[in-house]
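**Student:** Structure provided below as C-alpha cells; questions to follow.
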Amino acid sequence: MTEIRLITFDLDNTLWDVGEVLHHAEQQMRQWLDANVPEYTRTLDRDALTKIRTAVVTERPQLGHNVSALRQEVLFRGIVSCGYPATEARRYARSAFATFFQARQEVVFFEHALEALGELAASYQLGALTNGNADIQRVGLDRFFSFAFSSADVAASKPAPDIFHAALNHAGVAPQQCIHVGDNLIDDVHGAGSVGMHTIWVKLSDQPNTIGHTQPSEVVEDLAELPGAVSRIHTA
Ligand SMILES: [Mg+2]
C-alpha cells in the first residue's frame, strides 16, 4: 500500500486552457500600449520583439525561468527602442505588464476541475508547480492549495528536478508519497517521474499518445476521473 500525502499540480493546460488566457491578456496589454505608448505597437512587429526577447535571454539566461521578469524586460527594451528615456520606459513597462498580469489570472477552469480539487483537498495536501506566472490567490485556488512554487522561485524550469524537490522539502514528504498531476509528458510526467514521484497525465486534448521513456502511473481524460486515479495509486 502506497501512502500518498501530497498531490502537486501543474496549472496551465492542466486546470484551464492557457492559450485563450494569454491571447486575451496580450490583447489587453496591446490596448494599454496603444493608448499610452503608441509607438510600441506601431514600430515593433513580432520579429522585432522576438529579437529583443532572444537578446535578453542570451544576456540574462536566468530570466528564461522567470516569465514575468522576462516579459517586463522585453517591454522595457522595446519602449526604450521607441526613443523613451530609461526611467519613463521602466514605468511604462511596469504598467503594461500589470495590465497583462491581471488579465492573465482570468482563467476559465476546465470542467470538473474545482470539484476534483475540492474532493482531493479534503484528504491530501495540495500544491501548485508551474513554469508560468498564474497566481494561485488571484485565480482563486488558494483555498485548495497550501503552497505554490514557480520556475522563477527555484530559478529552474520543469522538467528540472528543482521545483519537485522544493515541493517535497516544503511538505516534508518522500517522492513516493507524492503524486504530480500535469498535461505535459516531458515537463510533468518525465520531470516528476525522474525524482521518484507518482504521476497522473492529464490528457484532455488530442495530444500524441506516444508516451516516451517515462510512463505515467495513471492517465485521465476528464478531471472528474482524478479522485479515482489518485485512490488507485494510493491503494496499489
Ligand atoms: Mg501545463
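Residues are referred to by chain and number: the chain letter is A, B, ... according to the order shown in the C-alpha cells, the number counts from 1 in that chain, and ligands are numbered separately from 1 in the order shown.
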Skip Gly127 of chain A itself and residues of its chain fewer than 2 positions away, then list as a PyMOL selection string all residues within 6 Å of it, counting only C-alpha atoms.

**Tutor:** chain A and resi 8+145-148

**Student:** Based on the selection just made, write N, CA and C atoms of those residues as a PDB file, in the first residue's frame.

**Tutor:**
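Once everything was written out, this is part-v4.pdb:
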ATOM      1  N   THR A   8       0.769  17.323  -6.136  1.00  0.00           N
ATOM      2  CA  THR A   8       1.155  18.597  -6.747  1.00  0.00           C
ATOM      3  C   THR A   8       0.527  18.685  -8.135  1.00  0.00           C
ATOM      4  N   PHE A 145      -4.954  24.876  -2.431  1.00  0.00           N
ATOM      5  CA  PHE A 145      -3.502  24.677  -2.419  1.00  0.00           C
ATOM      6  C   PHE A 145      -2.885  25.317  -1.186  1.00  0.00           C
ATOM      7  N   SER A 146      -2.045  24.560  -0.479  1.00  0.00           N
ATOM      8  CA  SER A 146      -1.387  25.153   0.687  1.00  0.00           C
ATOM      9  C   SER A 146      -0.053  25.792   0.316  1.00  0.00           C
ATOM     10  N   PHE A 147       0.454  25.535  -0.901  1.00  0.00           N
ATOM     11  CA  PHE A 147       1.677  26.216  -1.331  1.00  0.00           C
ATOM     12  C   PHE A 147       1.745  26.204  -2.850  1.00  0.00           C
ATOM     13  N   ALA A 148       2.634  27.044  -3.384  1.00  0.00           N
ATOM     14  CA  ALA A 148       2.892  27.068  -4.826  1.00  0.00           C
ATOM     15  C   ALA A 148       4.355  27.403  -5.041  1.00  0.00           C
TER      16      ALA A 148
END

**Student:** Please extract the residues at most 12 Å from ligand 1, counting only C-alpha atoms and all ligand atoms, and provide them as a ChimeraX atom specification, using the chain letters and residue numbers of this document.

**Tutor:** /A:9-19,128-134,157-159,180-189,201-205

**Student:** Keeping only N, CA and C atoms, write the selected residues to a file as a compact mmCIF listing (two decimals), in the first residue's frame.

**Tutor:**
# COMPACT_ATOMS: atom_id res chain seq x y z
N PHE A 9 0.19 19.92 -8.52
CA PHE A 9 -0.49 20.15 -9.79
C PHE A 9 0.27 21.14 -10.66
N ASP A 10 0.40 20.80 -11.93
CA ASP A 10 0.71 21.79 -12.93
C ASP A 10 -0.55 22.66 -13.07
N LEU A 11 -0.44 23.86 -13.59
CA LEU A 11 -1.61 24.74 -13.70
C LEU A 11 -2.06 24.89 -15.16
N ASP A 12 -1.23 25.57 -15.96
CA ASP A 12 -1.62 25.88 -17.34
C ASP A 12 -1.85 24.61 -18.17
N ASN A 13 -2.98 24.54 -18.82
CA ASN A 13 -3.40 23.41 -19.66
C ASN A 13 -3.68 22.14 -18.88
N THR A 14 -3.56 22.22 -17.55
CA THR A 14 -3.98 21.10 -16.70
C THR A 14 -5.31 21.45 -16.04
N LEU A 15 -5.43 22.71 -15.58
CA LEU A 15 -6.67 23.15 -14.92
C LEU A 15 -7.46 24.14 -15.77
N TRP A 16 -6.82 24.75 -16.78
CA TRP A 16 -7.50 25.66 -17.72
C TRP A 16 -6.70 25.71 -19.01
N ASP A 17 -7.32 26.21 -20.06
CA ASP A 17 -6.67 26.38 -21.36
C ASP A 17 -5.88 27.69 -21.32
N VAL A 18 -4.55 27.59 -21.36
CA VAL A 18 -3.75 28.80 -21.20
C VAL A 18 -3.66 29.60 -22.50
N GLY A 19 -3.87 28.95 -23.65
CA GLY A 19 -3.78 29.66 -24.92
C GLY A 19 -4.75 30.83 -24.99
N ALA A 128 0.88 23.69 -5.95
CA ALA A 128 0.95 24.02 -7.37
C ALA A 128 2.41 24.17 -7.80
N LEU A 129 2.74 23.62 -8.97
CA LEU A 129 4.10 23.71 -9.51
C LEU A 129 4.01 24.17 -10.96
N THR A 130 4.45 25.39 -11.24
CA THR A 130 4.25 25.93 -12.59
C THR A 130 5.50 26.59 -13.14
N ASN A 131 5.67 26.46 -14.46
CA ASN A 131 6.71 27.23 -15.15
C ASN A 131 6.18 28.61 -15.55
N GLY A 132 4.91 28.85 -15.30
CA GLY A 132 4.28 30.10 -15.74
C GLY A 132 4.12 31.09 -14.59
N ASN A 133 3.21 32.07 -14.80
CA ASN A 133 3.03 33.09 -13.77
C ASN A 133 1.58 33.27 -13.33
N ALA A 134 0.83 32.17 -13.38
CA ALA A 134 -0.50 32.22 -12.75
C ALA A 134 -0.31 32.32 -11.25
N SER A 157 13.35 25.55 -14.67
CA SER A 157 12.03 25.18 -15.19
C SER A 157 11.87 23.66 -15.18
N LYS A 158 10.63 23.22 -14.99
CA LYS A 158 10.34 21.81 -15.21
C LYS A 158 10.78 21.47 -16.64
N PRO A 159 11.32 20.32 -16.96
CA PRO A 159 11.37 19.11 -16.14
C PRO A 159 12.53 19.02 -15.15
N HIS A 180 2.28 13.80 -8.79
CA HIS A 180 2.25 15.04 -9.55
C HIS A 180 1.28 14.87 -10.73
N VAL A 181 0.45 15.88 -10.93
CA VAL A 181 -0.60 15.84 -11.96
C VAL A 181 -0.30 16.92 -13.00
N GLY A 182 -0.22 16.55 -14.28
CA GLY A 182 0.06 17.56 -15.28
C GLY A 182 -0.23 17.10 -16.70
N ASP A 183 -0.25 18.07 -17.62
CA ASP A 183 -0.61 17.77 -19.01
C ASP A 183 0.60 17.48 -19.89
N ASN A 184 1.79 17.85 -19.41
CA ASN A 184 2.95 17.78 -20.30
C ASN A 184 3.80 16.53 -20.03
N LEU A 185 4.00 15.73 -21.07
CA LEU A 185 4.70 14.45 -20.89
C LEU A 185 6.16 14.64 -20.48
N ILE A 186 6.76 15.71 -20.95
CA ILE A 186 8.18 15.95 -20.61
C ILE A 186 8.25 16.67 -19.25
N ASP A 187 7.65 17.88 -19.20
CA ASP A 187 7.79 18.72 -18.01
C ASP A 187 7.20 18.07 -16.77
N ASP A 188 6.03 17.48 -16.92
CA ASP A 188 5.31 16.96 -15.75
C ASP A 188 5.57 15.46 -15.52
N VAL A 189 5.24 14.65 -16.51
CA VAL A 189 5.33 13.19 -16.31
C VAL A 189 6.79 12.75 -16.20
N TRP A 201 -1.08 11.73 -15.82
CA TRP A 201 -1.07 12.52 -17.05
C TRP A 201 -2.49 12.96 -17.36
N VAL A 202 -2.70 14.27 -17.39
CA VAL A 202 -4.00 14.84 -17.75
C VAL A 202 -4.01 15.04 -19.25
N LYS A 203 -4.70 14.16 -19.92
CA LYS A 203 -4.70 14.15 -21.38
C LYS A 203 -6.07 14.63 -21.85
N LEU A 204 -6.22 15.96 -21.95
CA LEU A 204 -7.54 16.50 -22.25
C LEU A 204 -7.72 16.81 -23.73
N SER A 205 -6.60 17.06 -24.40
CA SER A 205 -6.72 17.40 -25.82
C SER A 205 -6.17 16.26 -26.65

**Student:** Between atom CA of Leu126 of chain A and atom CA of Ala224 of chain A, what is the distance, to one decimal in Å?

**Tutor:** 16.7 Å

**Student:** Which residue gives the smallest distance to Leu6 of chain A among A:Ala229, A:Leu168, A:Val219, A:Ile200, with only C-alpha atoms counted?

**Tutor:**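 Of the candidates, the smallest distance to Leu6 of chain A is held by A:Leu168.
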
**Student:** Can you tell me, as number ranges by chain, which residues in segment 71-212 of chain A count as helix (DSSP H, G or I) by DSSP?

**Tutor:** A: 71-81, 86-104, 113-121, 151-154, 162-171, 175-177, 185-194

**Student:** I'd like the contact shell of Gly140 of chain A - 12 Å cut-off, only C-alpha atoms, skipping same-chain residues fewer than 6 positions apart - returned as a ChimeraX atom specification.

**Tutor:** /A:105-109,114,117,134

**Student:** When you draw a straight line from atom CA of Arg46 of chain A to atom CA of Val67 of chain A, how long is it in Å?

**Tutor:** 17.4 Å

**Student:** For the atom pair atom CA of Val173 of chain A and atom CA of Ile233 of chain A, what is the interatomic distance in Å to one decimal place?

**Tutor:**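 Result for atom CA of Val173 of chain A versus atom CA of Ile233 of chain A: 16.1 Å, one decimal.
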
**Student:** So that I can see what lies close to Leu33 of chain A, please list as a VMD selection string the residues with an atom at most 12 Å from it, counting only C-alpha atoms and leaving out residues fewer than 4 positions away in the same chain.

**Tutor:** chain A and resid 26 to 29 37 to 44 75 to 76 78 to 79 89 92 to 100

**Student:** Would you save the residues of that selection, restricted to N, CA and C atoms, as a short mmCIF file (atom, residue, chain, number, x, y, z; two decimals), in the first residue's frame?

**Tutor:**
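Listing of part.cif after writing:
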data_model
loop_
_atom_site.label_atom_id
_atom_site.label_comp_id
_atom_site.auth_asym_id
_atom_site.auth_seq_id
_atom_site.Cartn_x
_atom_site.Cartn_y
_atom_site.Cartn_z
N GLU A 26 -2.66 39.37 -23.76
CA GLU A 26 -1.81 40.12 -24.68
C GLU A 26 -2.61 41.21 -25.40
N GLN A 27 -3.85 40.89 -25.72
CA GLN A 27 -4.74 41.90 -26.33
C GLN A 27 -4.94 43.08 -25.39
N GLN A 28 -5.18 42.79 -24.13
CA GLN A 28 -5.39 43.86 -23.14
C GLN A 28 -4.13 44.73 -23.01
N MET A 29 -2.98 44.06 -23.00
CA MET A 29 -1.71 44.79 -22.87
C MET A 29 -1.47 45.67 -24.09
N VAL A 37 1.67 54.21 -25.10
CA VAL A 37 2.97 54.24 -25.80
C VAL A 37 2.70 53.80 -27.24
N PRO A 38 2.00 54.64 -28.02
CA PRO A 38 1.53 54.19 -29.35
C PRO A 38 2.65 53.75 -30.28
N GLU A 39 3.85 54.29 -30.07
CA GLU A 39 4.98 53.90 -30.94
C GLU A 39 5.30 52.42 -30.82
N TYR A 40 4.99 51.84 -29.67
CA TYR A 40 5.40 50.46 -29.39
C TYR A 40 4.79 49.49 -30.39
N THR A 41 3.46 49.47 -30.47
CA THR A 41 2.83 48.51 -31.38
C THR A 41 2.98 48.94 -32.84
N ARG A 42 3.20 50.26 -33.05
CA ARG A 42 3.34 50.74 -34.42
C ARG A 42 4.70 50.34 -35.01
N THR A 43 5.75 50.37 -34.18
CA THR A 43 7.08 50.13 -34.75
C THR A 43 7.64 48.74 -34.48
N LEU A 44 7.11 48.06 -33.45
CA LEU A 44 7.71 46.76 -33.12
C LEU A 44 6.78 45.63 -33.56
N LEU A 75 9.44 44.41 -22.68
CA LEU A 75 8.67 45.66 -22.79
C LEU A 75 9.58 46.87 -22.61
N PHE A 76 10.40 46.81 -21.57
CA PHE A 76 11.30 47.93 -21.27
C PHE A 76 12.21 48.24 -22.46
N GLY A 78 11.89 47.36 -25.56
CA GLY A 78 11.11 47.78 -26.71
C GLY A 78 10.72 49.25 -26.61
N ILE A 79 10.32 49.67 -25.41
CA ILE A 79 9.89 51.06 -25.22
C ILE A 79 11.10 52.00 -25.35
N ALA A 89 10.55 54.59 -19.51
CA ALA A 89 10.33 53.27 -20.14
C ALA A 89 10.10 52.23 -19.05
N TYR A 92 6.54 52.68 -17.77
CA TYR A 92 5.55 52.19 -18.75
C TYR A 92 5.57 50.66 -18.83
N ALA A 93 6.77 50.09 -18.78
CA ALA A 93 6.88 48.62 -18.86
C ALA A 93 6.17 47.99 -17.67
N ARG A 94 6.33 48.60 -16.51
CA ARG A 94 5.70 48.06 -15.30
C ARG A 94 4.17 48.12 -15.42
N SER A 95 3.65 49.23 -15.91
CA SER A 95 2.19 49.38 -16.04
C SER A 95 1.62 48.46 -17.12
N ALA A 96 2.33 48.37 -18.25
CA ALA A 96 1.85 47.49 -19.33
C ALA A 96 1.82 46.05 -18.82
N PHE A 97 2.87 45.67 -18.08
CA PHE A 97 2.91 44.31 -17.54
C PHE A 97 1.78 44.08 -16.54
N ALA A 98 1.51 45.09 -15.71
CA ALA A 98 0.44 44.95 -14.71
C ALA A 98 -0.90 44.66 -15.40
N THR A 99 -1.13 45.31 -16.55
CA THR A 99 -2.35 45.07 -17.32
C THR A 99 -2.39 43.63 -17.81
N PHE A 100 -1.25 43.18 -18.35
CA PHE A 100 -1.16 41.79 -18.81
C PHE A 100 -1.40 40.83 -17.65
#

**Student:** Mind listing the strand (DSSP E) residues of segment 95-128 of chain A, per DSSP on the backbone, as JSON, numbers by chain?

**Tutor:** {"A": [125, 126, 127, 128]}

**Student:** Next, the residues of the selection above should be written as a compact mmCIF listing (two decimals), in the first residue's frame with C-alpha atoms.

**Tutor:**
# COMPACT_ATOMS: atom_id res chain seq x y z
CA GLN A 125 -2.19 18.33 0.99
CA LEU A 126 -2.19 20.01 -2.44
CA GLY A 127 0.42 22.28 -4.02
CA ALA A 128 0.95 24.02 -7.37
